[in-house]
Protein chains: 2
Amino acid sequence: MEAASSRPGEDALIARYFAPLAGPEGLGLKDDVALITPPPGQSLVATVDTIVAGVHFFSDDPPHTVGHKALAVNLSDLAAKGAKPAGFLLALALPSDWTEAWLHDFTQGLGALARASACPLLGGDTTRAAGPLVISITAFGFVPDGTMVARTSAQPGDLIAVTGTIGDAVIGLKARLSPEADWVQKLGESELAFLLDRYLKPRPRYEASSAIRAVARCAMDVSDGLVGDCAKMLRASGVTGTLRLEDVPFSVAARAAIRFNPALRADAVTGGDDYEILFTFPPEQLDAVASAFKHLSVSFAVIGEVRAGDTPLTVSYGGESFEAQSGSYQHF
Amino acid sequence: MEAASSRPGEDALIARYFAPLAGPEGLGLKDDVALITPPPGQSLVATVDTIVAGVHFFSDDPPHTVGHKALAVNLSDLAAKGAKPAGFLLALALPSDWTEAWLHDFTQGLGALARASACPLLGGDTTRAAGPLVISITAFGFVPDGTMVARTSAQPGDLIAVTGTIGDAVIGLKARLSPEADWVQKLGESELAFLLDRYLKPRPRYEASSAIRAVARCAMDVSDGLVGDCAKMLRASGVTGTLRLEDVPFSVAARAAIRFNPALRADAVTGGDDYEILFTFPPEQLDAVASAFKHLSVSFAVIGEVRAGDTPLTVSYGGESFEAQSGSYQHF
């Protein structure tokens with residue numbers, strides 16, 4: 001329904017920008033498909049996540065951070081299932097004003113994370129849309145047969161834990177939207193930079209995937225807010241539980257921001273974009289979990305317990321009930 | 001960055017509209033991922049194709065045809081690789097004015113083709129975009145190890161063949177855009193209906209996937225125009241060839257349209273949306289190919305030969321050189 005433009009066609013784009021991101025598994029991107037052969041005794045885990053300009057990132061975000069984020073949100077899902085990254089397909093719907101400079105920088109960020117996580121580009125589809133940029137990535141991982149960590153398998157008595165730190169991204173987003181706010185002004189330069197960066201460039205915990213597979217009974221990644229995602233995981237498992245917000249791990253920068261603006265504590269545990277791993281394990285496994293995480297660059301913290309029943313998740317802060325205004329971020 | 005609307009959230013949508021499309025492989029859509037275990041001795045073929053409102057379909061197309069088309073274009077890629085459908089992931093970026101009625105009808109069309117092709121929904125992601133509807137489907141198929149039919153393996157001397165009929169969809173699109181045109185007025189009612197339907201509802205040739213795997217040396221699906229796609233396949237194989245347009249199979253309706261408007265012949269072989277399978281095979285295999293297709297509801301026709309060299313594809317019509325205005329449809 002449209003004429004070809006003077007910009008390079010899909011084949012030229014593939015050769016110029018996408019082929020360098022492909023491993024030998026990518027068939028040189030010369031076919032319409034990817035061929036994936038799991039190693040003997042392993043299954044394939046597949047996940048798709050879409051990020052949209054104006055919803056999941058800003059149109060003027062540095063393109064390399066957009067490329068990073070598009071893959072990161074999918075690597076996070078794989079890590080939470082205990083799967084080792086194996087490759088990805090990229091579906092790109094470009095807005096009418098796309099430029100080669102943008103695409104170049106985008107593929108640099110995408111390629112850097114693909115290399116760091118050993119997750120090569122296997123194929124894709126590029127099209128045009130008279131609307132915002134839409135990036136869908138389907139990522140693949142391998143797990144030994146029967147070892148994928150489900151979202152539906154939490155058991156009463158399990159401890160609830162989370163990796164890394166919570167709330168940095170949403171506080172970074174709020175700082176970006178209100179740079180003149182009193183609490184933002186009070187933050188140190190490096191604290192502010194850390195928080196802004198955590199929104200722009202999520203750090204998916206793919207390094208922890210083996211540890212999660214070894215010790216977790218149930219897991220999911222935290223993308224839509226800790227409290228809401230925890231409630232979702234327990235509901236999917238047919239159980240309930242308690243969350244102690246005083247035990248939720250915050251970064252130094254997030255703690256500073258919360259000190260200057262205590263309302264941010266609620267945002268931190270209900271906002272999205274953490275891309276940490278929420279998981280449960282039997283309490284007698286606590287030493288094994290500590291041992292599994294000891295040599296990783298990511299920490300974990302126990303923040304609650306799973307209980308039998310179908311009542312809503314109980315959330316407390318210092319022994320008092322915590323009423324979150326909204327449990328989970330809705331992307332639509 | 002936005003408040004939740006009064007329309008159902010993603011979890012409710014999944015339960016109401018998507019869970020019925022999922023097979024037991026879909027983990028009840030309760031996880032963020034799909035777990036895929038190829039049968040012993042088989043590999044996984046994965047492909048992604050995106051369709052965008054205003055580019056690949058019209059915003060006012062019946063929603064069930066949009067659901068059908070979104071899956072059909074991916075099933076077509078699998079069929080051309082000789083892969084048996086195994087399931088799919090759906091990434092949906094909904095425009096701000098989406099309605100439940102639209103989604104209901106969309107999932108009806110999507111589900112009907114998913115059932116017909118034994119390709120259940122395994123998971124997905126729904127988000128919102130302030131732009132046109134964007135639907136990305138990642139489809140999976142299985143092939144016995146080492147038997148995937150590549151796009152890069154045509155050999156000099158091979159015959160070039162194509163399934164079904166060519167040009168119906170693009171002629172249907174032209175009829176839809178110019179309903180008052182003389183040639184459209186001259187078409188019989190059932191001919192016009194056939195052509196319009198072929199644009200709206202591509203018929204992916206998944207029934208032919210076993211035959212393609214058994215007899216084809218090289219194959220791809222025809223989505224961007226027969227002439228351009230043939231040139232692309234031969235280029236990817238490092239060869240060239242000849243195409244005889246007088247041997248290209250046209251439907252009764254397309255022949256009628258071309259009789260009333262001879263310019264449509266060029267459109268038919270360069271327009272897109274055919275979703276037939278273009279393939280090559282050694283000439284001594286002709287009987288085997290005929291035998292493999294005998295019990296299928298889809299026909300095939302030999303339309304050219306592969307030759308050594310890297311000159312452009314030679315296209316002739318009745319012995320005269322055919323200069324196509326444009327070899328391939330560009331979706332962006």
# chains A, B, ... in the order shown; residues from 1 in each chain; ligands from 1
$ interface_residues --of "chain A" --to "chain B" --cutoff "6 Å" --atoms "only C-alpha atoms" --output "list of chain:residue names"
A:Ala4, A:Asp31, A:Val33, A:Ala34, A:Leu35, A:Ile36, A:Thr37, A:Ser43, A:Leu44, A:Val45, A:Ala46, A:Thr47, A:Val48, A:Asp49, A:Gly124, A:Asp125, A:Thr127, A:Arg128, A:Gly131, A:Arg151, A:Gln330, A:His331, A:Phe332
$ write_last_selection --atoms "N, CA and C atoms" --output "compact mmCIF listing (two decimals), in the first residue's frame"
# COMPACT_ATOMS: atom_id res chain seq x y z
N ALA A 4 8.19 2.16 -2.11
CA ALA A 4 9.46 2.01 -1.41
C ALA A 4 10.08 3.40 -1.26
N ASP A 31 17.57 -16.69 5.90
CA ASP A 31 16.31 -17.40 5.78
C ASP A 31 15.24 -16.60 6.53
N VAL A 33 13.47 -17.88 8.80
CA VAL A 33 13.23 -18.58 10.06
C VAL A 33 14.55 -18.82 10.79
N ALA A 34 14.42 -19.21 12.05
CA ALA A 34 15.57 -19.67 12.82
C ALA A 34 15.39 -21.15 13.08
N LEU A 35 16.49 -21.87 13.07
CA LEU A 35 16.47 -23.31 13.37
C LEU A 35 17.14 -23.49 14.72
N ILE A 36 16.40 -24.06 15.67
CA ILE A 36 16.91 -24.16 17.04
C ILE A 36 16.89 -25.62 17.47
N THR A 37 18.05 -26.15 17.81
CA THR A 37 18.15 -27.53 18.26
C THR A 37 18.61 -27.54 19.71
N SER A 43 15.13 -28.64 27.18
CA SER A 43 13.93 -28.08 26.56
C SER A 43 14.15 -26.61 26.26
N LEU A 44 13.24 -26.10 25.45
CA LEU A 44 13.33 -24.71 25.06
C LEU A 44 12.31 -23.89 25.85
N VAL A 45 12.75 -22.76 26.38
CA VAL A 45 11.86 -21.79 27.01
C VAL A 45 11.76 -20.60 26.07
N ALA A 46 10.55 -20.18 25.74
CA ALA A 46 10.36 -19.06 24.82
C ALA A 46 9.49 -18.01 25.48
N THR A 47 9.86 -16.76 25.31
CA THR A 47 9.09 -15.67 25.90
C THR A 47 9.06 -14.48 24.95
N VAL A 48 7.98 -13.74 24.95
CA VAL A 48 7.91 -12.54 24.11
C VAL A 48 7.50 -11.35 24.97
N ASP A 49 8.19 -10.24 24.79
CA ASP A 49 7.81 -8.99 25.44
C ASP A 49 7.99 -7.86 24.45
N GLY A 124 14.30 -12.29 12.31
CA GLY A 124 13.36 -11.23 12.69
C GLY A 124 12.55 -10.74 11.52
N ASP A 125 11.92 -9.62 11.77
CA ASP A 125 11.03 -9.02 10.78
C ASP A 125 11.02 -7.53 11.02
N THR A 127 9.21 -3.98 9.81
CA THR A 127 8.13 -3.40 9.02
C THR A 127 7.98 -1.95 9.43
N ARG A 128 6.99 -1.30 8.89
CA ARG A 128 6.80 0.11 9.15
C ARG A 128 5.42 0.31 9.73
N GLY A 131 2.97 5.03 13.46
CA GLY A 131 2.72 5.22 14.88
C GLY A 131 4.03 5.15 15.62
N ARG A 151 5.87 -20.55 37.68
CA ARG A 151 5.30 -19.45 38.45
C ARG A 151 4.18 -19.97 39.37
N GLN A 330 -0.08 -1.28 35.34
CA GLN A 330 -0.77 -1.82 34.17
C GLN A 330 -0.21 -1.14 32.93
N HIS A 331 0.33 -1.94 32.02
CA HIS A 331 0.90 -1.34 30.81
C HIS A 331 -0.16 -0.98 29.78
N PHE A 332 -1.43 -1.25 30.09
CA PHE A 332 -2.47 -0.82 29.14
C PHE A 332 -3.83 -0.79 29.82
$ select_by_dssp --residues "region 74-264 of chain A" --states "strand (DSSP E or B)" --output "number ranges by chain"
A: 84-94, 121-128, 134-144, 159-163, 218-222, 240-244
$ write_last_selection --atoms "N, CA and C atoms" --output "CSV table (one decimal), in the first residue's frame"
chain,number,residue,atom,x,y,z
A,84,LYS,N,19.0,-20.7,30.4
A,84,LYS,CA,20.3,-20.1,29.9
A,84,LYS,C,19.9,-19.5,28.5
A,85,PRO,N,20.2,-18.2,28.3
A,85,PRO,CA,19.9,-17.6,27.0
A,85,PRO,C,20.4,-18.4,25.8
A,86,ALA,N,19.6,-18.5,24.7
A,86,ALA,CA,20.1,-19.2,23.5
A,86,ALA,C,20.0,-18.4,22.2
A,87,GLY,N,19.2,-17.3,22.3
A,87,GLY,CA,19.1,-16.5,21.1
A,87,GLY,C,17.7,-15.8,21.1
A,88,PHE,N,17.5,-14.9,20.1
A,88,PHE,CA,16.3,-14.1,20.0
A,88,PHE,C,15.9,-13.8,18.6
A,89,LEU,N,14.6,-13.5,18.4
A,89,LEU,CA,14.0,-13.0,17.2
A,89,LEU,C,13.6,-11.6,17.5
A,90,LEU,N,13.8,-10.7,16.5
A,90,LEU,CA,13.5,-9.3,16.7
A,90,LEU,C,12.4,-8.9,15.7
A,91,ALA,N,11.3,-8.4,16.2
A,91,ALA,CA,10.2,-7.8,15.3
A,91,ALA,C,10.2,-6.3,15.6
A,92,LEU,N,10.5,-5.5,14.6
A,92,LEU,CA,10.6,-4.1,14.7
A,92,LEU,C,9.6,-3.4,13.8
A,93,ALA,N,8.7,-2.6,14.4
A,93,ALA,CA,7.8,-1.8,13.6
A,93,ALA,C,8.3,-0.4,13.7
A,94,LEU,N,8.9,0.1,12.6
A,94,LEU,CA,9.6,1.4,12.7
A,94,LEU,C,8.6,2.5,12.4
A,121,LEU,N,21.3,-12.8,17.9
A,121,LEU,CA,20.1,-12.6,17.0
A,121,LEU,C,20.0,-13.8,16.1
A,122,LEU,N,18.8,-14.4,16.0
A,122,LEU,CA,18.5,-15.5,15.2
A,122,LEU,C,17.7,-15.2,13.9
A,123,GLY,N,17.0,-14.1,13.9
A,123,GLY,CA,16.2,-13.8,12.8
A,123,GLY,C,15.2,-12.7,13.2
A,124,GLY,N,14.3,-12.3,12.3
A,124,GLY,CA,13.4,-11.2,12.7
A,124,GLY,C,12.5,-10.7,11.5
A,125,ASP,N,11.9,-9.6,11.8
A,125,ASP,CA,11.0,-9.0,10.8
A,125,ASP,C,11.0,-7.5,11.0
A,126,THR,N,11.2,-6.8,10.0
A,126,THR,CA,11.2,-5.3,10.1
A,126,THR,C,10.1,-4.8,9.2
A,127,THR,N,9.2,-4.0,9.8
A,127,THR,CA,8.1,-3.4,9.0
A,127,THR,C,8.0,-1.9,9.4
A,128,ARG,N,7.0,-1.3,8.9
A,128,ARG,CA,6.8,0.1,9.2
A,128,ARG,C,5.4,0.3,9.7
A,134,VAL,N,7.5,0.2,17.9
A,134,VAL,CA,7.1,-1.0,18.6
A,134,VAL,C,8.1,-2.1,18.4
A,135,ILE,N,8.7,-2.5,19.5
A,135,ILE,CA,9.8,-3.6,19.4
A,135,ILE,C,9.3,-4.8,20.2
A,136,SER,N,9.1,-5.9,19.5
A,136,SER,CA,8.8,-7.2,20.1
A,136,SER,C,10.0,-8.1,20.0
A,137,ILE,N,10.5,-8.6,21.1
A,137,ILE,CA,11.5,-9.6,21.0
A,137,ILE,C,11.0,-10.9,21.6
A,138,THR,N,11.3,-12.0,20.9
A,138,THR,CA,11.0,-13.3,21.4
A,138,THR,C,12.4,-13.9,21.7
A,139,ALA,N,12.6,-14.2,23.0
A,139,ALA,CA,13.9,-14.8,23.4
A,139,ALA,C,13.7,-16.2,23.8
A,140,PHE,N,14.8,-17.0,23.5
A,140,PHE,CA,14.8,-18.4,23.7
A,140,PHE,C,15.9,-18.7,24.8
A,141,GLY,N,15.6,-19.7,25.6
A,141,GLY,CA,16.6,-20.2,26.5
A,141,GLY,C,16.5,-21.7,26.6
A,142,PHE,N,17.5,-22.3,27.1
A,142,PHE,CA,17.5,-23.8,27.3
A,142,PHE,C,17.5,-24.1,28.8
A,143,VAL,N,16.7,-25.1,29.2
A,143,VAL,CA,16.8,-25.7,30.5
A,143,VAL,C,16.9,-27.2,30.4
A,144,PRO,N,17.6,-27.9,31.3
A,144,PRO,CA,17.5,-29.3,31.4
A,144,PRO,C,16.0,-29.8,31.5
A,159,LEU,N,9.9,-19.6,51.9
A,159,LEU,CA,10.3,-18.2,52.1
A,159,LEU,C,10.2,-17.6,50.7
A,160,ILE,N,9.9,-16.3,50.8
A,160,ILE,CA,9.8,-15.4,49.5
A,160,ILE,C,11.1,-14.6,49.5
A,161,ALA,N,11.8,-14.6,48.4
A,161,ALA,CA,13.0,-13.8,48.3
A,161,ALA,C,13.0,-13.0,47.0
A,162,VAL,N,13.9,-12.0,46.9
A,162,VAL,CA,14.0,-11.2,45.7
A,162,VAL,C,15.5,-10.9,45.5
A,163,THR,N,15.9,-10.8,44.3
A,163,THR,CA,17.3,-10.5,44.0
A,163,THR,C,17.5,-9.0,43.9
A,218,CYS,N,9.7,-21.8,42.9
A,218,CYS,CA,8.7,-21.0,42.1
A,218,CYS,C,9.4,-19.7,41.9
A,219,ALA,N,9.2,-19.1,40.7
A,219,ALA,CA,9.8,-17.8,40.4
A,219,ALA,C,9.1,-17.1,39.3
A,220,MET,N,9.3,-15.7,39.3
A,220,MET,CA,8.9,-14.9,38.2
A,220,MET,C,9.8,-13.6,38.3
A,221,ASP,N,9.8,-12.9,37.1
A,221,ASP,CA,10.6,-11.7,37.2
A,221,ASP,C,9.6,-10.5,37.7
A,222,VAL,N,10.2,-9.5,38.3
A,222,VAL,CA,9.4,-8.4,38.9
A,222,VAL,C,9.5,-7.3,37.8
A,240,THR,N,-1.4,-18.0,49.5
A,240,THR,CA,-1.3,-16.6,49.8
A,240,THR,C,0.1,-16.4,50.6
A,241,GLY,N,0.2,-15.3,51.3
A,241,GLY,CA,1.5,-15.1,52.0
A,241,GLY,C,1.6,-13.7,52.6
A,242,THR,N,2.8,-13.5,53.2
A,242,THR,CA,3.0,-12.2,53.8
A,242,THR,C,4.3,-11.6,53.2
A,243,LEU,N,4.3,-10.3,53.1
A,243,LEU,CA,5.5,-9.5,52.6
A,243,LEU,C,5.8,-8.5,53.7
A,244,ARG,N,7.1,-8.5,54.1
A,244,ARG,CA,7.5,-7.5,55.1
A,244,ARG,C,8.4,-6.4,54.3
$ atom_distance --atom1 "CA of Asp158 (chain A)" --atom2 "CA of Phe281 (chain A)"
5.0 Å
$ atom_distance --atom1 "CA of His68 (chain B)" --atom2 "CA of Lys201 (chain B)"
6.5 Å
$ closest_residue --among "B:Ala231, B:Leu192, B:Val184, B:Ile166" --to "Asp273 (chain B)" --atoms "only C-alpha atoms"
B:Ile166
$ atom_distance --atom1 "CA of Lys186 (chain B)" --atom2 "CA of Thr165 (chain B)"
21.1 Å
$ closest_residue --among "B:Gly318, B:Gly304, B:Pro156, B:Pro39" --to "Cys230 (chain B)" --atoms "only C-alpha atoms"
B:Gly304
$ closest_residue --among "A:Ala308, A:Val248, A:Leu264, A:Ala12" --to "Val227 (chain A)" --atoms "only C-alpha atoms"
A:Val248
$ select_by_dssp --residues "region 150-287 of chain B" --states "alpha helix (DSSP H)" --output "ChimeraX atom specification"
/B:168-177,182-186,189-200,209-215,226-236,252-260,264-270,286-287
$ residues_around --residues "Ala256 (chain B)" --least-positions-apart "6" --cutoff "12 Å" --atoms "only C-alpha atoms" --output "compact mmCIF listing (two decimals) with N, CA and C atoms, in the first residue's frame"
# COMPACT_ATOMS: atom_id res chain seq x y z
N ASP B 168 -3.90 -13.62 -6.81
CA ASP B 168 -5.28 -13.40 -6.37
C ASP B 168 -5.39 -12.27 -5.35
N ILE B 171 -4.75 -8.74 -6.78
CA ILE B 171 -5.87 -8.33 -7.64
C ILE B 171 -7.09 -8.04 -6.75
N TRP B 183 -12.84 -3.04 -15.07
CA TRP B 183 -12.54 -4.48 -14.98
C TRP B 183 -13.20 -5.12 -13.76
N VAL B 184 -13.34 -4.35 -12.68
CA VAL B 184 -14.00 -4.89 -11.48
C VAL B 184 -15.48 -5.10 -11.76
N GLN B 185 -16.09 -4.11 -12.43
CA GLN B 185 -17.51 -4.20 -12.75
C GLN B 185 -17.82 -5.41 -13.64
N LYS B 186 -16.84 -5.75 -14.48
CA LYS B 186 -17.08 -6.86 -15.41
C LYS B 186 -16.95 -8.23 -14.76
N LEU B 187 -16.30 -8.28 -13.58
CA LEU B 187 -16.11 -9.58 -12.91
C LEU B 187 -17.44 -10.14 -12.42
N GLY B 188 -17.58 -11.46 -12.47
CA GLY B 188 -18.74 -12.09 -11.86
C GLY B 188 -18.68 -11.93 -10.35
N GLU B 189 -19.84 -12.04 -9.71
CA GLU B 189 -19.93 -11.82 -8.27
C GLU B 189 -19.04 -12.80 -7.51
N SER B 190 -19.07 -14.05 -7.92
CA SER B 190 -18.29 -15.05 -7.17
C SER B 190 -16.80 -14.89 -7.44
N GLU B 191 -16.43 -14.44 -8.64
CA GLU B 191 -15.02 -14.18 -8.93
C GLU B 191 -14.50 -13.04 -8.05
N LEU B 192 -15.29 -11.96 -7.97
CA LEU B 192 -14.88 -10.82 -7.14
C LEU B 192 -14.77 -11.25 -5.68
N PHE B 194 -14.16 -14.17 -4.47
CA PHE B 194 -12.98 -15.03 -4.31
C PHE B 194 -11.72 -14.19 -4.18
N LEU B 195 -11.57 -13.19 -5.05
CA LEU B 195 -10.36 -12.37 -5.04
C LEU B 195 -10.27 -11.53 -3.77
N PHE B 250 -2.61 -19.19 -12.52
CA PHE B 250 -3.60 -18.19 -12.11
C PHE B 250 -4.93 -18.88 -11.85
N PRO B 262 -5.38 -6.28 -18.87
CA PRO B 262 -4.11 -7.01 -19.02
C PRO B 262 -2.97 -6.50 -18.16
N LEU B 264 -2.95 -6.15 -15.18
CA LEU B 264 -2.96 -6.87 -13.91
C LEU B 264 -2.01 -8.07 -13.92
N ARG B 265 -1.60 -8.52 -15.13
CA ARG B 265 -0.69 -9.66 -15.17
C ARG B 265 0.63 -9.33 -14.47
$ residues_around --residues "region 99-104 of chain B" --least-positions-apart "5" --cutoff "10 Å" --atoms "only C-alpha atoms" --output "count of residues only"
13
$ decode --residues "region 60-92 of chain B" --atoms "N, CA and C atoms" --output "PDB file, in the first residue's frame"
ATOM      1  N   ASP B  60     -10.457  -1.336   9.169  1.00  0.00           N
ATOM      2  CA  ASP B  60     -11.857  -1.756   9.239  1.00  0.00           C
ATOM      3  C   ASP B  60     -12.076  -3.156   8.661  1.00  0.00           C
ATOM      4  N   ASP B  61     -11.006  -3.910   8.444  1.00  0.00           N
ATOM      5  CA  ASP B  61     -11.186  -5.317   8.061  1.00  0.00           C
ATOM      6  C   ASP B  61     -11.914  -6.047   9.188  1.00  0.00           C
ATOM      7  N   PRO B  62     -12.738  -7.046   8.840  1.00  0.00           N
ATOM      8  CA  PRO B  62     -13.384  -7.817   9.904  1.00  0.00           C
ATOM      9  C   PRO B  62     -12.319  -8.373  10.851  1.00  0.00           C
ATOM     10  N   PRO B  63     -12.480  -8.162  12.160  1.00  0.00           N
ATOM     11  CA  PRO B  63     -11.427  -8.564  13.097  1.00  0.00           C
ATOM     12  C   PRO B  63     -11.039 -10.038  12.983  1.00  0.00           C
ATOM     13  N   HIS B  64     -11.998 -10.925  12.663  1.00  0.00           N
ATOM     14  CA  HIS B  64     -11.605 -12.336  12.584  1.00  0.00           C
ATOM     15  C   HIS B  64     -10.659 -12.581  11.411  1.00  0.00           C
ATOM     16  N   THR B  65     -10.770 -11.773  10.342  1.00  0.00           N
ATOM     17  CA  THR B  65      -9.816 -11.938   9.236  1.00  0.00           C
ATOM     18  C   THR B  65      -8.428 -11.432   9.635  1.00  0.00           C
ATOM     19  N   VAL B  66      -8.379 -10.421  10.503  1.00  0.00           N
ATOM     20  CA  VAL B  66      -7.088  -9.923  10.983  1.00  0.00           C
ATOM     21  C   VAL B  66      -6.407 -10.991  11.846  1.00  0.00           C
ATOM     22  N   GLY B  67      -7.197 -11.626  12.721  1.00  0.00           N
ATOM     23  CA  GLY B  67      -6.649 -12.716  13.537  1.00  0.00           C
ATOM     24  C   GLY B  67      -6.154 -13.867  12.674  1.00  0.00           C
ATOM     25  N   HIS B  68      -6.948 -14.185  11.655  1.00  0.00           N
ATOM     26  CA  HIS B  68      -6.548 -15.244  10.724  1.00  0.00           C
ATOM     27  C   HIS B  68      -5.244 -14.881  10.021  1.00  0.00           C
ATOM     28  N   LYS B  69      -5.186 -13.656   9.502  1.00  0.00           N
ATOM     29  CA  LYS B  69      -4.010 -13.262   8.713  1.00  0.00           C
ATOM     30  C   LYS B  69      -2.740 -13.237   9.558  1.00  0.00           C
ATOM     31  N   ALA B  70      -2.861 -12.765  10.808  1.00  0.00           N
ATOM     32  CA  ALA B  70      -1.674 -12.641  11.663  1.00  0.00           C
ATOM     33  C   ALA B  70      -0.998 -13.995  11.860  1.00  0.00           C
ATOM     34  N   LEU B  71      -1.804 -15.046  12.017  1.00  0.00           N
ATOM     35  CA  LEU B  71      -1.219 -16.384  12.174  1.00  0.00           C
ATOM     36  C   LEU B  71      -0.852 -16.978  10.819  1.00  0.00           C
ATOM     37  N   ALA B  72      -1.690 -16.727   9.809  1.00  0.00           N
ATOM     38  CA  ALA B  72      -1.491 -17.336   8.488  1.00  0.00           C
ATOM     39  C   ALA B  72      -0.123 -16.989   7.902  1.00  0.00           C
ATOM     40  N   VAL B  73       0.292 -15.732   8.041  1.00  0.00           N
ATOM     41  CA  VAL B  73       1.554 -15.314   7.415  1.00  0.00           C
ATOM     42  C   VAL B  73       2.744 -16.046   8.052  1.00  0.00           C
ATOM     43  N   ASN B  74       2.591 -16.431   9.307  1.00  0.00           N
ATOM     44  CA  ASN B  74       3.644 -17.195   9.979  1.00  0.00           C
ATOM     45  C   ASN B  74       3.583 -18.676   9.640  1.00  0.00           C
ATOM     46  N   LEU B  75       2.369 -19.236   9.566  1.00  0.00           N
ATOM     47  CA  LEU B  75       2.225 -20.640   9.173  1.00  0.00           C
ATOM     48  C   LEU B  75       2.803 -20.861   7.779  1.00  0.00           C
ATOM     49  N   SER B  76       2.691 -19.830   6.945  1.00  0.00           N
ATOM     50  CA  SER B  76       3.226 -19.911   5.593  1.00  0.00           C
ATOM     51  C   SER B  76       4.748 -20.085   5.617  1.00  0.00           C
ATOM     52  N   ASP B  77       5.423 -19.347   6.489  1.00  0.00           N
ATOM     53  CA  ASP B  77       6.877 -19.511   6.621  1.00  0.00           C
ATOM     54  C   ASP B  77       7.235 -20.915   7.091  1.00  0.00           C
ATOM     55  N   LEU B  78       6.494 -21.421   8.060  1.00  0.00           N
ATOM     56  CA  LEU B  78       6.786 -22.776   8.558  1.00  0.00           C
ATOM     57  C   LEU B  78       6.592 -23.814   7.457  1.00  0.00           C
ATOM     58  N   ALA B  79       5.494 -23.674   6.703  1.00  0.00           N
ATOM     59  CA  ALA B  79       5.202 -24.654   5.649  1.00  0.00           C
ATOM     60  C   ALA B  79       6.324 -24.695   4.624  1.00  0.00           C
ATOM     61  N   ALA B  80       6.846 -23.516   4.277  1.00  0.00           N
ATOM     62  CA  ALA B  80       7.908 -23.452   3.270  1.00  0.00           C
ATOM     63  C   ALA B  80       9.204 -24.091   3.758  1.00  0.00           C
ATOM     64  N   LYS B  81       9.346 -24.255   5.052  1.00  0.00           N
ATOM     65  CA  LYS B  81      10.544 -24.898   5.609  1.00  0.00           C
ATOM     66  C   LYS B  81      10.313 -26.386   5.857  1.00  0.00           C
ATOM     67  N   GLY B  82       9.109 -26.879   5.514  1.00  0.00           N
ATOM     68  CA  GLY B  82       8.792 -28.279   5.764  1.00  0.00           C
ATOM     69  C   GLY B  82       8.494 -28.586   7.222  1.00  0.00           C
ATOM     70  N   ALA B  83       8.166 -27.557   7.995  1.00  0.00           N
ATOM     71  CA  ALA B  83       7.962 -27.746   9.438  1.00  0.00           C
ATOM     72  C   ALA B  83       6.483 -27.912   9.778  1.00  0.00           C
ATOM     73  N   LYS B  84       6.208 -28.797  10.716  1.00  0.00           N
ATOM     74  CA  LYS B  84       4.846 -29.049  11.193  1.00  0.00           C
ATOM     75  C   LYS B  84       4.551 -28.055  12.315  1.00  0.00           C
ATOM     76  N   PRO B  85       3.437 -27.309  12.255  1.00  0.00           N
ATOM     77  CA  PRO B  85       3.156 -26.301  13.279  1.00  0.00           C
ATOM     78  C   PRO B  85       3.138 -26.902  14.686  1.00  0.00           C
ATOM     79  N   ALA B  86       3.674 -26.158  15.662  1.00  0.00           N
ATOM     80  CA  ALA B  86       3.745 -26.649  17.038  1.00  0.00           C
ATOM     81  C   ALA B  86       3.128 -25.682  18.037  1.00  0.00           C
ATOM     82  N   GLY B  87       2.950 -24.426  17.658  1.00  0.00           N
ATOM     83  CA  GLY B  87       2.379 -23.452  18.587  1.00  0.00           C
ATOM     84  C   GLY B  87       2.887 -22.062  18.276  1.00  0.00           C
ATOM     85  N   PHE B  88       2.320 -21.067  18.970  1.00  0.00           N
ATOM     86  CA  PHE B  88       2.755 -19.695  18.698  1.00  0.00           C
ATOM     87  C   PHE B  88       2.645 -18.812  19.929  1.00  0.00           C
ATOM     88  N   LEU B  89       3.436 -17.724  19.892  1.00  0.00           N
ATOM     89  CA  LEU B  89       3.359 -16.643  20.882  1.00  0.00           C
ATOM     90  C   LEU B  89       2.762 -15.423  20.198  1.00  0.00           C
ATOM     91  N   LEU B  90       1.913 -14.704  20.920  1.00  0.00           N
ATOM     92  CA  LEU B  90       1.218 -13.542  20.357  1.00  0.00           C
ATOM     93  C   LEU B  90       1.638 -12.281  21.095  1.00  0.00           C
ATOM     94  N   ALA B  91       2.174 -11.297  20.377  1.00  0.00           N
ATOM     95  CA  ALA B  91       2.470  -9.987  20.968  1.00  0.00           C
ATOM     96  C   ALA B  91       1.550  -8.967  20.302  1.00  0.00           C
ATOM     97  N   LEU B  92       0.703  -8.385  21.122  1.00  0.00           N
ATOM     98  CA  LEU B  92      -0.359  -7.517  20.622  1.00  0.00           C
ATOM     99  C   LEU B  92      -0.140  -6.119  21.193  1.00  0.00           C
TER     100      LEU B  92
END
